[in-house]
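Engineer: File name upload-v7.tsv; file contents TSV, C-alpha atoms; full text below.
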```tsv
chain	number	residue	atom	x	y	z
A	25	MET	CA	-45.11	7.00	-30.82
A	26	LEU	CA	-46.51	7.78	-27.36
A	27	GLY	CA	-44.42	4.92	-25.98
A	28	ASP	CA	-41.29	6.41	-27.55
A	29	TRP	CA	-42.03	9.81	-26.05
A	30	LEU	CA	-42.60	8.28	-22.66
A	31	SER	CA	-39.35	6.32	-22.87
A	32	ILE	CA	-37.48	9.45	-23.92
A	33	VAL	CA	-38.88	11.44	-21.02
A	34	VAL	CA	-38.14	8.68	-18.50
A	35	LEU	CA	-34.63	7.92	-19.81
A	36	GLY	CA	-33.84	11.63	-20.27
A	37	GLY	CA	-34.94	12.37	-16.72
A	38	LEU	CA	-33.03	9.40	-15.40
A	39	SER	CA	-29.81	10.32	-17.19
A	40	SER	CA	-30.11	13.96	-16.03
A	41	LEU	CA	-30.56	12.73	-12.46
A	42	ILE	CA	-27.50	10.46	-12.73
A	43	PHE	CA	-25.52	13.30	-14.31
A	44	VAL	CA	-26.41	15.78	-11.56
A	45	SER	CA	-25.77	13.32	-8.71
A	46	GLY	CA	-22.45	12.30	-10.29
A	47	LEU	CA	-21.27	15.90	-10.47
A	48	GLY	CA	-22.62	16.76	-7.04
A	49	PRO	CA	-20.43	17.49	-4.02
A	50	PHE	CA	-18.68	14.73	-2.14
A	51	THR	CA	-20.12	15.52	1.27
A	52	ASP	CA	-18.42	15.17	4.66
A	53	ARG	CA	-20.74	12.30	5.47
A	54	MET	CA	-19.65	10.40	2.34
A	55	LEU	CA	-16.02	11.08	3.16
A	56	ASP	CA	-16.47	9.86	6.74
A	57	ARG	CA	-18.12	6.69	5.47
A	58	TRP	CA	-15.23	6.14	3.06
A	59	CYS	CA	-12.64	6.62	5.83
A	60	LEU	CA	-14.58	4.25	8.09
A	61	ARG	CA	-14.73	1.61	5.38
A	62	TYR	CA	-10.96	1.66	4.88
A	63	ASP	CA	-10.23	2.35	8.52
A	64	VAL	CA	-8.11	5.44	7.87
A	65	ALA	CA	-7.92	8.79	9.62
A	66	VAL	CA	-7.31	11.94	7.58
A	67	ASP	CA	-6.54	15.48	8.74
A	68	GLN	CA	-8.27	18.56	7.26
A	69	HIS	CA	-5.62	19.14	4.56
A	70	GLY	CA	-5.75	15.49	3.54
A	71	ARG	CA	-9.54	15.49	3.53
A	72	GLU	CA	-9.71	18.18	0.85
A	73	TRP	CA	-7.22	16.36	-1.36
A	74	LEU	CA	-9.04	13.07	-0.84
A	75	ARG	CA	-12.41	14.67	-1.53
A	76	THR	CA	-11.15	16.01	-4.87
A	77	GLN	CA	-9.80	12.61	-5.92
A	78	LEU	CA	-12.93	10.71	-4.96
A	79	ARG	CA	-15.26	13.28	-6.47
A	80	ARG	CA	-13.43	13.29	-9.80
A	81	ALA	CA	-13.42	9.51	-10.10
A	82	ARG	CA	-17.12	9.34	-9.17
A	83	ALA	CA	-18.02	12.12	-11.62
A	84	TRP	CA	-16.38	10.30	-14.55
A	85	ARG	CA	-18.04	7.02	-13.61
A	86	TRP	CA	-21.55	8.42	-13.30
A	87	CYS	CA	-21.25	10.79	-16.26
A	88	GLY	CA	-20.18	7.82	-18.40
A	89	PHE	CA	-23.28	5.97	-17.21
A	90	ALA	CA	-25.52	8.99	-17.88
A	91	VAL	CA	-24.16	9.46	-21.43
A	92	GLY	CA	-24.49	5.72	-22.02
A	93	THR	CA	-28.15	5.87	-20.97
A	94	VAL	CA	-28.75	8.62	-23.55
A	95	VAL	CA	-26.87	6.63	-26.23
A	96	SER	CA	-28.93	3.52	-25.49
A	97	ALA	CA	-32.08	5.51	-26.23
A	98	LEU	CA	-30.83	6.81	-29.59
A	99	PRO	CA	-33.21	4.60	-31.65
A	100	MET	CA	-36.16	6.07	-29.72
A	101	TYR	CA	-35.03	9.63	-30.39
A	102	ALA	CA	-34.58	8.72	-34.05
A	103	ASN	CA	-38.02	7.16	-34.14
A	104	VAL	CA	-39.60	10.37	-32.95
A	105	ILE	CA	-37.64	12.57	-35.37
A	106	ASP	CA	-37.70	10.38	-38.47
A	107	ARG	CA	-39.36	6.98	-38.27
A	108	ASN	CA	-37.63	5.79	-41.48
A	109	ARG	CA	-34.16	6.35	-40.12
A	110	ALA	CA	-34.69	4.83	-36.66
A	111	ALA	CA	-33.31	1.47	-37.79
A	112	ASP	CA	-29.95	3.13	-38.64
A	113	PHE	CA	-29.42	3.86	-34.96
A	114	ALA	CA	-30.65	0.55	-33.60
A	115	THR	CA	-27.65	-1.71	-33.11
A	116	PRO	CA	-27.14	-4.64	-30.74
A	117	ALA	CA	-24.57	-2.47	-28.95
A	118	ASN	CA	-27.21	0.04	-27.78
A	119	ARG	CA	-28.22	-2.02	-24.76
A	120	PHE	CA	-24.58	-2.23	-23.62
A	121	ALA	CA	-23.96	1.51	-23.96
A	122	PRO	CA	-24.69	2.48	-20.31
A	123	TRP	CA	-22.35	-0.20	-18.95
A	124	LEU	CA	-19.67	0.29	-21.60
A	125	LEU	CA	-19.55	4.03	-21.05
A	126	ALA	CA	-19.72	3.72	-17.26
A	127	ALA	CA	-16.73	1.36	-17.42
A	128	ALA	CA	-14.95	3.76	-19.78
A	129	GLY	CA	-15.71	6.59	-17.32
A	130	SER	CA	-14.28	4.49	-14.48
A	131	VAL	CA	-11.03	3.94	-16.35
A	132	VAL	CA	-10.72	7.58	-17.44
A	133	GLY	CA	-11.52	8.79	-13.91
A	134	GLU	CA	-8.71	6.69	-12.50
A	135	LEU	CA	-6.27	7.56	-15.30
A	136	LEU	CA	-6.67	11.30	-14.82
A	137	SER	CA	-4.78	11.44	-11.55
A	138	ARG	CA	-2.77	14.56	-10.94
A	139	ARG	CA	0.52	15.04	-9.17
A	140	PRO	CA	-0.02	16.51	-5.69
A	141	PRO	CA	0.96	20.18	-5.44
A	142	GLY	CA	4.07	21.25	-3.54
A	143	GLY	CA	7.80	21.28	-4.17
A	144	ARG	CA	8.58	18.54	-1.65
A	145	ARG	CA	7.54	15.01	-2.55
A	146	ALA	CA	8.14	11.69	-0.83
A	147	ALA	CA	8.09	8.12	-2.12
A	148	HIS	CA	8.24	4.86	-0.23
A	149	LEU	CA	10.79	2.29	-1.30
A	150	ALA	CA	8.43	-0.65	-1.59
A	151	THR	CA	7.32	-2.16	-4.86
A	152	ARG	CA	3.59	-1.94	-5.41
A	153	HIS	CA	1.68	-4.76	-7.09
A	154	TRP	CA	-1.89	-4.61	-8.31
A	155	ARG	CA	-2.56	-7.84	-6.37
A	156	ASP	CA	-2.10	-5.84	-3.17
A	157	TYR	CA	-5.19	-3.81	-3.96
A	158	CYS	CA	-7.74	-6.20	-5.40
A	159	SER	CA	-8.66	-9.82	-5.71
A	160	SER	CA	-6.76	-11.61	-8.49
A	161	ARG	CA	-9.66	-14.09	-8.77
A	162	TRP	CA	-11.91	-11.41	-10.22
A	163	VAL	CA	-9.17	-10.30	-12.62
A	164	ALA	CA	-8.85	-13.94	-13.73
A	165	VAL	CA	-12.61	-14.03	-14.34
A	166	VAL	CA	-12.25	-11.02	-16.64
A	167	GLY	CA	-9.31	-12.63	-18.45
A	168	TRP	CA	-11.14	-15.92	-19.00
A	169	SER	CA	-14.26	-14.21	-20.31
A	170	VAL	CA	-12.51	-13.38	-23.60
A	171	PRO	CA	-11.62	-16.94	-24.77
A	172	VAL	CA	-14.94	-18.28	-23.42
A	173	SER	CA	-17.01	-15.68	-25.26
A	174	VAL	CA	-14.93	-16.20	-28.42
A	175	ALA	CA	-15.64	-19.95	-28.20
A	176	PHE	CA	-19.38	-19.22	-27.86
A	177	ALA	CA	-19.25	-16.82	-30.80
A	178	VAL	CA	-17.44	-19.34	-33.01
A	179	GLN	CA	-19.95	-22.02	-32.10
A	180	ALA	CA	-22.87	-19.67	-32.75
A	181	THR	CA	-21.49	-18.57	-36.12
A	182	GLN	CA	-21.13	-22.19	-37.21
A	183	SER	CA	-24.46	-23.45	-35.95
A	184	ARG	CA	-26.78	-20.50	-36.59
A	185	ASP	CA	-27.08	-17.99	-39.35
A	186	LEU	CA	-26.62	-14.85	-37.26
A	187	GLY	CA	-25.12	-11.59	-38.44
A	188	TRP	CA	-21.49	-11.09	-37.47
A	189	ARG	CA	-22.42	-8.01	-35.47
A	190	TRP	CA	-24.70	-10.04	-33.22
A	191	SER	CA	-22.28	-12.97	-32.86
A	192	TRP	CA	-19.11	-11.03	-32.18
A	193	LEU	CA	-20.51	-8.26	-30.00
A	194	GLY	CA	-20.17	-10.43	-26.87
A	195	PRO	CA	-16.43	-11.13	-27.32
A	196	ALA	CA	-15.88	-7.44	-28.21
A	197	VAL	CA	-17.53	-6.33	-24.96
A	198	ALA	CA	-15.56	-8.92	-22.95
A	199	LEU	CA	-12.39	-7.70	-24.66
A	200	CYS	CA	-13.24	-4.12	-23.63
A	201	GLY	CA	-13.48	-5.35	-20.02
A	202	SER	CA	-10.17	-7.11	-20.30
A	203	ALA	CA	-8.50	-4.03	-21.81
A	204	ALA	CA	-10.00	-1.79	-19.12
A	205	VAL	CA	-8.65	-3.92	-16.29
A	206	THR	CA	-5.21	-4.26	-17.91
A	207	VAL	CA	-4.75	-0.57	-18.64
A	208	GLY	CA	-6.39	0.55	-15.41
A	209	LEU	CA	-4.46	-1.66	-12.99
A	210	ARG	CA	-1.17	-0.99	-14.76
A	211	HIS	CA	-1.72	2.71	-14.32
A	212	LEU	CA	-3.02	2.31	-10.79
A	213	VAL	CA	0.26	1.11	-9.28
A	214	ASN	CA	2.29	3.72	-11.14
A	215	ARG	CA	0.15	6.80	-10.67
A	216	PRO	CA	1.39	9.68	-8.48
A	217	GLY	CA	1.03	9.16	-4.77
A	218	ALA	CA	-0.60	11.22	-2.06
A	219	PRO	CA	0.85	14.59	-1.00
A	220	ASP	CA	3.80	14.60	1.38
A	221	GLY	CA	2.67	14.30	4.99
A	222	LEU	CA	-0.43	12.24	4.31
A	223	ASP	CA	-0.58	8.79	5.87
A	224	ARG	CA	0.57	6.07	3.51
A	225	LEU	CA	-2.53	4.09	4.42
A	226	VAL	CA	-4.73	6.75	2.85
A	227	ASP	CA	-2.83	6.53	-0.45
A	228	ASP	CA	-3.15	2.75	-0.38
A	229	ALA	CA	-6.83	2.94	0.52
A	230	LEU	CA	-7.44	5.24	-2.44
A	231	ARG	CA	-5.62	2.87	-4.80
A	232	ALA	CA	-7.61	-0.06	-3.41
A	233	ASP	CA	-10.85	1.85	-3.90
A	234	SER	CA	-9.89	2.64	-7.51
A	235	ALA	CA	-8.92	-0.99	-8.10
A	236	HIS	CA	-12.27	-2.21	-6.80
A	237	HIS	CA	-14.16	0.14	-9.11
A	238	LEU	CA	-12.00	-0.76	-12.10
A	239	VAL	CA	-12.25	-4.49	-11.54
A	240	GLY	CA	-15.98	-4.20	-10.82
A	241	ALA	CA	-16.59	-2.39	-14.12
A	242	SER	CA	-14.48	-4.95	-15.98
A	243	VAL	CA	-16.30	-7.89	-14.35
A	244	ALA	CA	-19.61	-6.38	-15.47
A	245	LEU	CA	-18.37	-6.03	-19.05
A	246	ALA	CA	-16.91	-9.54	-19.00
A	247	GLY	CA	-20.16	-11.01	-17.68
A	248	LEU	CA	-22.35	-9.05	-20.10
A	249	GLY	CA	-20.15	-9.97	-23.06
A	250	THR	CA	-19.98	-13.66	-22.18
A	251	SER	CA	-23.70	-14.01	-21.52
A	252	HIS	CA	-24.47	-12.13	-24.76
A	253	ALA	CA	-22.20	-14.54	-26.65
A	254	ALA	CA	-23.89	-17.50	-24.91
A	255	LEU	CA	-27.33	-16.17	-25.85
A	256	ALA	CA	-26.33	-16.42	-29.51
A	257	LEU	CA	-26.28	-20.21	-29.07
A	258	ASP	CA	-29.49	-22.18	-29.32
A	259	LEU	CA	-29.86	-22.89	-25.61
A	260	GLY	CA	-33.62	-23.45	-25.28
A	261	TRP	CA	-34.90	-22.84	-21.75
A	262	LEU	CA	-31.33	-22.38	-20.51
A	263	GLY	CA	-31.33	-19.12	-22.45
A	264	LEU	CA	-33.61	-17.71	-19.77
A	265	LEU	CA	-31.01	-18.39	-17.09
A	266	VAL	CA	-28.22	-16.98	-19.25
A	267	GLY	CA	-30.34	-13.87	-19.81
A	268	MET	CA	-30.58	-13.45	-16.06
A	269	GLY	CA	-26.79	-13.80	-15.95
A	270	GLN	CA	-26.57	-10.33	-17.49
A	271	TRP	CA	-28.18	-8.84	-14.41
A	272	LEU	CA	-25.91	-10.97	-12.27
A	273	ALA	CA	-22.92	-9.38	-14.04
A	274	ILE	CA	-24.18	-5.92	-13.12
A	275	ALA	CA	-24.76	-7.05	-9.53
A	276	ALA	CA	-21.18	-8.36	-9.51
A	277	TRP	CA	-19.98	-4.82	-10.30
A	278	TRP	CA	-21.69	-3.51	-7.21
A	279	TYR	CA	-20.41	-6.41	-5.12
A	280	VAL	CA	-16.77	-6.06	-6.24
A	281	ALA	CA	-16.80	-2.28	-5.77
A	282	ARG	CA	-18.16	-2.71	-2.24
A	283	GLN	CA	-16.28	-5.72	-0.92
A	284	GLU	CA	-13.25	-5.16	1.28
A	285	THR	CA	-10.76	-7.80	0.21
A	286	TRP	CA	-8.06	-5.16	0.29
A	287	ASN	CA	-7.89	-5.34	4.09
A	288	VAL	CA	-6.15	-8.70	3.78
A	289	ALA	CA	-3.41	-7.36	1.53
A	290	ARG	CA	-2.99	-4.23	3.61
A	291	VAL	CA	-1.43	-6.19	6.42
A	292	ARG	CA	1.60	-7.13	4.34
A	293	TRP	CA	1.86	-3.95	2.31
A	294	SER	CA	0.92	-0.79	4.13
A	295	ARG	CA	2.16	-1.88	7.51
A	296	SER	CA	5.58	-2.98	6.16
B	91	MET	CA	10.09	4.64	7.44
B	92	ARG	CA	11.99	4.01	4.22
B	93	ALA	CA	11.08	6.96	2.10
B	94	VAL	CA	12.95	9.09	-0.41
B	95	VAL	CA	12.21	12.81	-0.41
B	96	VAL	CA	12.83	15.16	-3.31
B	97	ASP	CA	12.75	18.89	-2.72
B	98	ASP	CA	12.54	21.21	-5.72
B	99	ALA	CA	13.90	24.07	-3.62
B	100	SER	CA	17.16	22.22	-2.98
B	101	PRO	CA	20.19	23.22	-5.10
B	102	VAL	CA	21.14	19.52	-5.34
B	103	PRO	CA	19.96	17.92	-8.60
B	104	SER	CA	16.96	15.58	-8.22
B	105	PHE	CA	18.85	12.48	-9.35
B	106	GLU	CA	21.58	13.16	-6.78
B	107	GLN	CA	18.96	13.57	-4.03
B	108	VAL	CA	17.52	10.15	-4.90
B	109	ARG	CA	20.97	8.52	-5.26
B	110	SER	CA	22.38	9.86	-2.02
B	111	GLN	CA	19.32	8.92	0.08
B	112	VAL	CA	19.13	5.38	-1.29
B	113	ALA	CA	22.91	4.95	-0.92
B	114	ALA	CA	22.70	6.12	2.71
B	115	MET	CA	19.89	3.64	3.42
B	116	ILE	CA	21.92	0.77	1.94
B	117	ARG	CA	25.06	1.75	3.86
B	118	SER	CA	23.17	2.08	7.13
B	119	GLY	CA	21.55	-1.32	6.62
B	120	GLU	CA	18.05	0.13	6.43
B	121	LEU	CA	17.80	-1.52	3.04
B	122	SER	CA	19.08	-5.04	3.32
B	123	PRO	CA	20.83	-7.05	0.57
B	124	GLY	CA	18.46	-8.91	-1.72
B	125	GLU	CA	15.65	-6.37	-1.32
B	126	HIS	CA	14.10	-4.92	-4.44
B	127	LEU	CA	14.02	-1.22	-5.17
B	128	PRO	CA	10.74	-0.03	-6.71
B	129	PRO	CA	10.60	0.06	-10.52
B	130	VAL	CA	11.87	3.26	-12.14
B	131	ARG	CA	8.38	4.03	-13.43
B	132	GLN	CA	6.80	3.80	-9.97
B	133	LEU	CA	9.42	5.87	-8.18
B	134	ALA	CA	9.40	8.49	-10.96
B	135	ALA	CA	5.60	8.81	-10.70
B	136	ASP	CA	5.67	9.07	-6.90
B	137	LEU	CA	8.38	11.72	-6.91
B	138	GLY	CA	7.02	13.59	-9.92
B	139	LEU	CA	10.30	13.14	-11.80
B	140	ALA	CA	11.11	12.04	-15.33
B	141	LYS	CA	11.84	8.33	-15.68
B	142	ASN	CA	15.31	9.17	-17.01
B	143	THR	CA	16.17	11.03	-13.80
B	144	VAL	CA	15.39	8.03	-11.60
B	145	ALA	CA	17.11	5.68	-14.09
B	146	LYS	CA	20.20	7.89	-13.86
B	147	ALA	CA	20.18	7.63	-10.05
B	148	TYR	CA	19.83	3.83	-10.27
B	149	ALA	CA	22.67	3.66	-12.79
B	150	ALA	CA	24.90	5.69	-10.44
B	151	LEU	CA	24.05	3.32	-7.55
B	152	GLU	CA	24.87	0.37	-9.80
B	153	SER	CA	28.24	1.80	-10.76
B	154	GLU	CA	28.96	2.27	-7.02
B	155	GLY	CA	28.25	-1.45	-6.57
B	156	LEU	CA	25.34	-0.85	-4.21
B	157	VAL	CA	22.61	-2.28	-6.43
B	158	VAL	CA	22.43	-4.56	-9.41
B	159	GLY	CA	19.90	-4.03	-12.17
B	160	ASP	CA	18.27	-6.87	-14.00
B	161	ARG	CA	15.73	-6.49	-16.77
B	162	ARG	CA	13.53	-9.29	-15.44
B	163	ARG	CA	14.10	-9.23	-11.67
B	164	GLY	CA	14.25	-5.47	-11.23
B	165	THR	CA	16.83	-3.61	-9.15
B	166	LEU	CA	18.29	-5.57	-6.23
B	167	VAL	CA	20.16	-4.16	-3.27
B	168	LEU	CA	23.66	-5.52	-2.76
B	169	ALA	CA	25.57	-5.51	0.50
B	170	ALA	CA	27.26	-2.15	1.13
B	171	SER	CA	30.46	-3.84	2.26
B	172	ALA	CA	30.03	-6.99	0.26
B	173	SER	CA	31.23	-10.34	1.56
B	174	PRO	CA	33.80	-12.04	-0.73
B	175	GLU	CA	31.12	-14.42	-2.03
B	176	THR	CA	28.57	-11.68	-2.77
B	177	ASP	CA	31.27	-9.56	-4.30
B	178	ARG	CA	32.32	-12.44	-6.54
B	179	VAL	CA	28.71	-13.03	-7.66
B	180	ARG	CA	28.36	-9.36	-8.44
B	181	ARG	CA	31.60	-9.27	-10.39
B	182	VAL	CA	30.62	-12.39	-12.33
B	183	GLU	CA	27.30	-10.73	-13.23
B	184	MET	CA	29.10	-7.60	-14.40
B	185	ALA	CA	31.55	-9.70	-16.43
B	186	GLU	CA	28.64	-11.57	-18.02
B	187	ARG	CA	26.97	-8.33	-18.99
B	188	ALA	CA	30.24	-7.05	-20.48
B	189	ALA	CA	30.57	-10.32	-22.43
B	190	VAL	CA	27.04	-9.96	-23.81
B	191	ARG	CA	27.81	-6.41	-24.93
B	192	TYR	CA	31.09	-7.56	-26.54
B	193	LEU	CA	29.43	-10.44	-28.40
B	194	ALA	CA	26.70	-8.13	-29.67
B	195	GLU	CA	29.26	-5.62	-30.93
B	196	VAL	CA	31.39	-8.27	-32.63
B	197	GLY	CA	28.22	-9.80	-34.06
B	198	HIS	CA	27.45	-6.47	-35.74
B	199	LEU	CA	30.89	-6.72	-37.43
B	200	GLY	CA	29.85	-10.06	-38.89
B	201	PHE	CA	31.80	-12.44	-36.65
B	202	PRO	CA	30.14	-15.44	-35.01
B	203	ALA	CA	30.59	-16.05	-31.25
B	204	VAL	CA	33.30	-18.69	-31.84
B	205	ASP	CA	35.44	-16.20	-33.77
B	206	ALA	CA	34.80	-13.54	-31.15
B	207	ILE	CA	36.14	-15.90	-28.44
B	208	ASP	CA	39.20	-16.64	-30.61
B	209	VAL	CA	39.89	-12.92	-30.83
B	210	VAL	CA	39.75	-12.66	-27.00
B	211	ARG	CA	42.13	-15.64	-26.67
B	212	ARG	CA	44.58	-14.11	-29.16
B	213	VAL	CA	44.57	-10.74	-27.41
B	214	ALA	CA	44.92	-12.38	-23.98
B	215	SER	CA	47.88	-14.53	-25.09
B	216	ALA	CA	49.55	-11.52	-26.72
B	217	ASP	CA	49.35	-9.71	-23.36
```
What does the file become when written as structure tokens?
Structural biologist:
Amino acid sequence: MLGDWLSIVVLGGLSSLIFVSGLGPFTDRMLDRWCLRYDVAVDQHGREWLRTQLRRARAWRWCGFAVGTVVSALPMYANVIDRNRAADFATPANRFAPWLLAAAGSVVGELLSRRPPGGRRAAHLATRHWRDYCSSRWVAVVGWSVPVSVAFAVQATQSRDLGWRWSWLGPAVALCGSAAVTVGLRHLVNRPGAPDGLDRLVDDALRADSAHHLVGASVALAGLGTSHAALALDLGWLGLLVGMGQWLAIAAWWYVARQETWNVARVRWSRS
Amino acid sequence: MRAVVVDDASPVPSFEQVRSQVAAMIRSGELSPGEHLPPVRQLAADLGLAKNTVAKAYAALESEGLVVGDRRRGTLVLAASASPETDRVRRVEMAERAAVRYLAEVGHLGFPAVDAIDVVRRVASAD
């Protein structure tokens, strides 16, 4: 019981902290760092618009993660309230909740883009492709995770007597990643552009940033789903390595969101 | 910089603003033959217009013979003053599209393609 209380306090505090920092202001320093990363210069008017966009996307991402952290601790809350009903809330999906909801937050944050204000709007006559903003190799990784995890799940169902919820959770999570990247990138190229007068590079940089976050979240889900499906197999000592693969998937999220592959594409797209 | 600008304050309808600017760019050579115009969905989102409005502008450009729309390849820019060869290709494409529409319509009446061609031959010989 004491352990449950401790976990609740720690997880509650952690999720509150994530929630507050996610909703916090997007400071000038953060904005400068962002501009430096994408090598773009923005005037004062553009800075405010950019700040709003970046802050909204970040808020959705981190709030999703915070809510997911609370959801993952549901069995502990239930244990404290009514020990007999705790099992009702304990599902294999609980441990994925923070990542699933953070990915969902990432997608929603990018989908909720608003049309810039003003009666005069400009559009460039160049066709945008999602490949211009992110690495197609990572998108392929997400796509392949679904058939691979399904193959693992089929094998596990045949060879071991596991519940269907345990066996098929991995492919379901990988499928969520695949859906997130498909919906997100499709929307990304067709969402409203930057306000008239703002450098086209800034608009492209923002799309690239969104693409990196979307693909990063999807890679994490794909990796978590596939390794979960692999863990359902009787792997012996290899299971230990596969278990570590789950943390690798989360590290991949950070890596994809931070890497700057977009600079390569920018040469042929933004400068055209 | 090849950009289309739409101004809500202008008395000119939005579709006409898009059509006239793209047409001017094609005529001036700023947009060269064989280039793709952005998809309707993308341009509509960028300009904050309904998809139908942009589609209407594209359709008007197509009827002027400045662009050619293809479901798979997108919208391609044609030469403003087309060379005889380009013009012929364009006309063949338009004739093919008209033939597809005709066959579909005759198909709805219950005639197979062979009968539909016979009808065309009969009408042509009667002329």
Engineer: So how many Å separate CA of Ala147 in chain A and CA of Asp136 in chain B, to one decimal?
Structural biologist: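 Separation between CA of Ala147 in chain A and CA of Asp136 in chain B: 5.4 Å.
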Engineer: Do a neighbour search on Ala232 in chain A at 7 Å with all atoms listed in the file, toss out local chain neighbours closer than 3 positions, and write the hits as a short mmCIF file (atom, residue, chain, number, x, y, z; two decimals) with C-alpha atoms, keeping the file's coordinate frame.
Structural biologist:
```cif
data_model
loop_
_atom_site.label_atom_id
_atom_site.label_comp_id
_atom_site.auth_asym_id
_atom_site.auth_seq_id
_atom_site.Cartn_x
_atom_site.Cartn_y
_atom_site.Cartn_z
CA TYR A 157 -5.19 -3.81 -3.96
CA CYS A 158 -7.74 -6.20 -5.40
CA ASP A 228 -3.15 2.75 -0.38
CA ALA A 229 -6.83 2.94 0.52
CA ALA A 235 -8.92 -0.99 -8.10
CA HIS A 236 -12.27 -2.21 -6.80
CA TRP A 286 -8.06 -5.16 0.29
#
```
Engineer: Can you work out the spacing between CA of Pro101 in chain B and CA of Thr143 in chain B in Å, to one decimal?
Structural biologist: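 Computed distance, CA of Pro101 in chain B to CA of Thr143 in chain B, equals 15.5 Å.
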Engineer: Out of A:Thr181, A:Arg231, A:His148, A:Val205, which residue has the shortest atom-to-atom distance to Ala134 in chain B when counting only C-alpha atoms?
Structural biologist: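 Between A:Thr181, A:Arg231, A:His148, A:Val205, the residue approaching Ala134 in chain B most closely is A:His148.
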Engineer: Quick one: 4 Å padding each side, axis-aligned, all listed atoms of range 195-206 of chain B - centre and edge lengths in Å to one decimal, as lines of an AutoDock Vina configuration file?
Structural biologist:
```
center_x = 31.4
center_y = -12.2
center_z = -34.9
size_x = 16.0
size_y = 21.1
size_z = 16.0
```
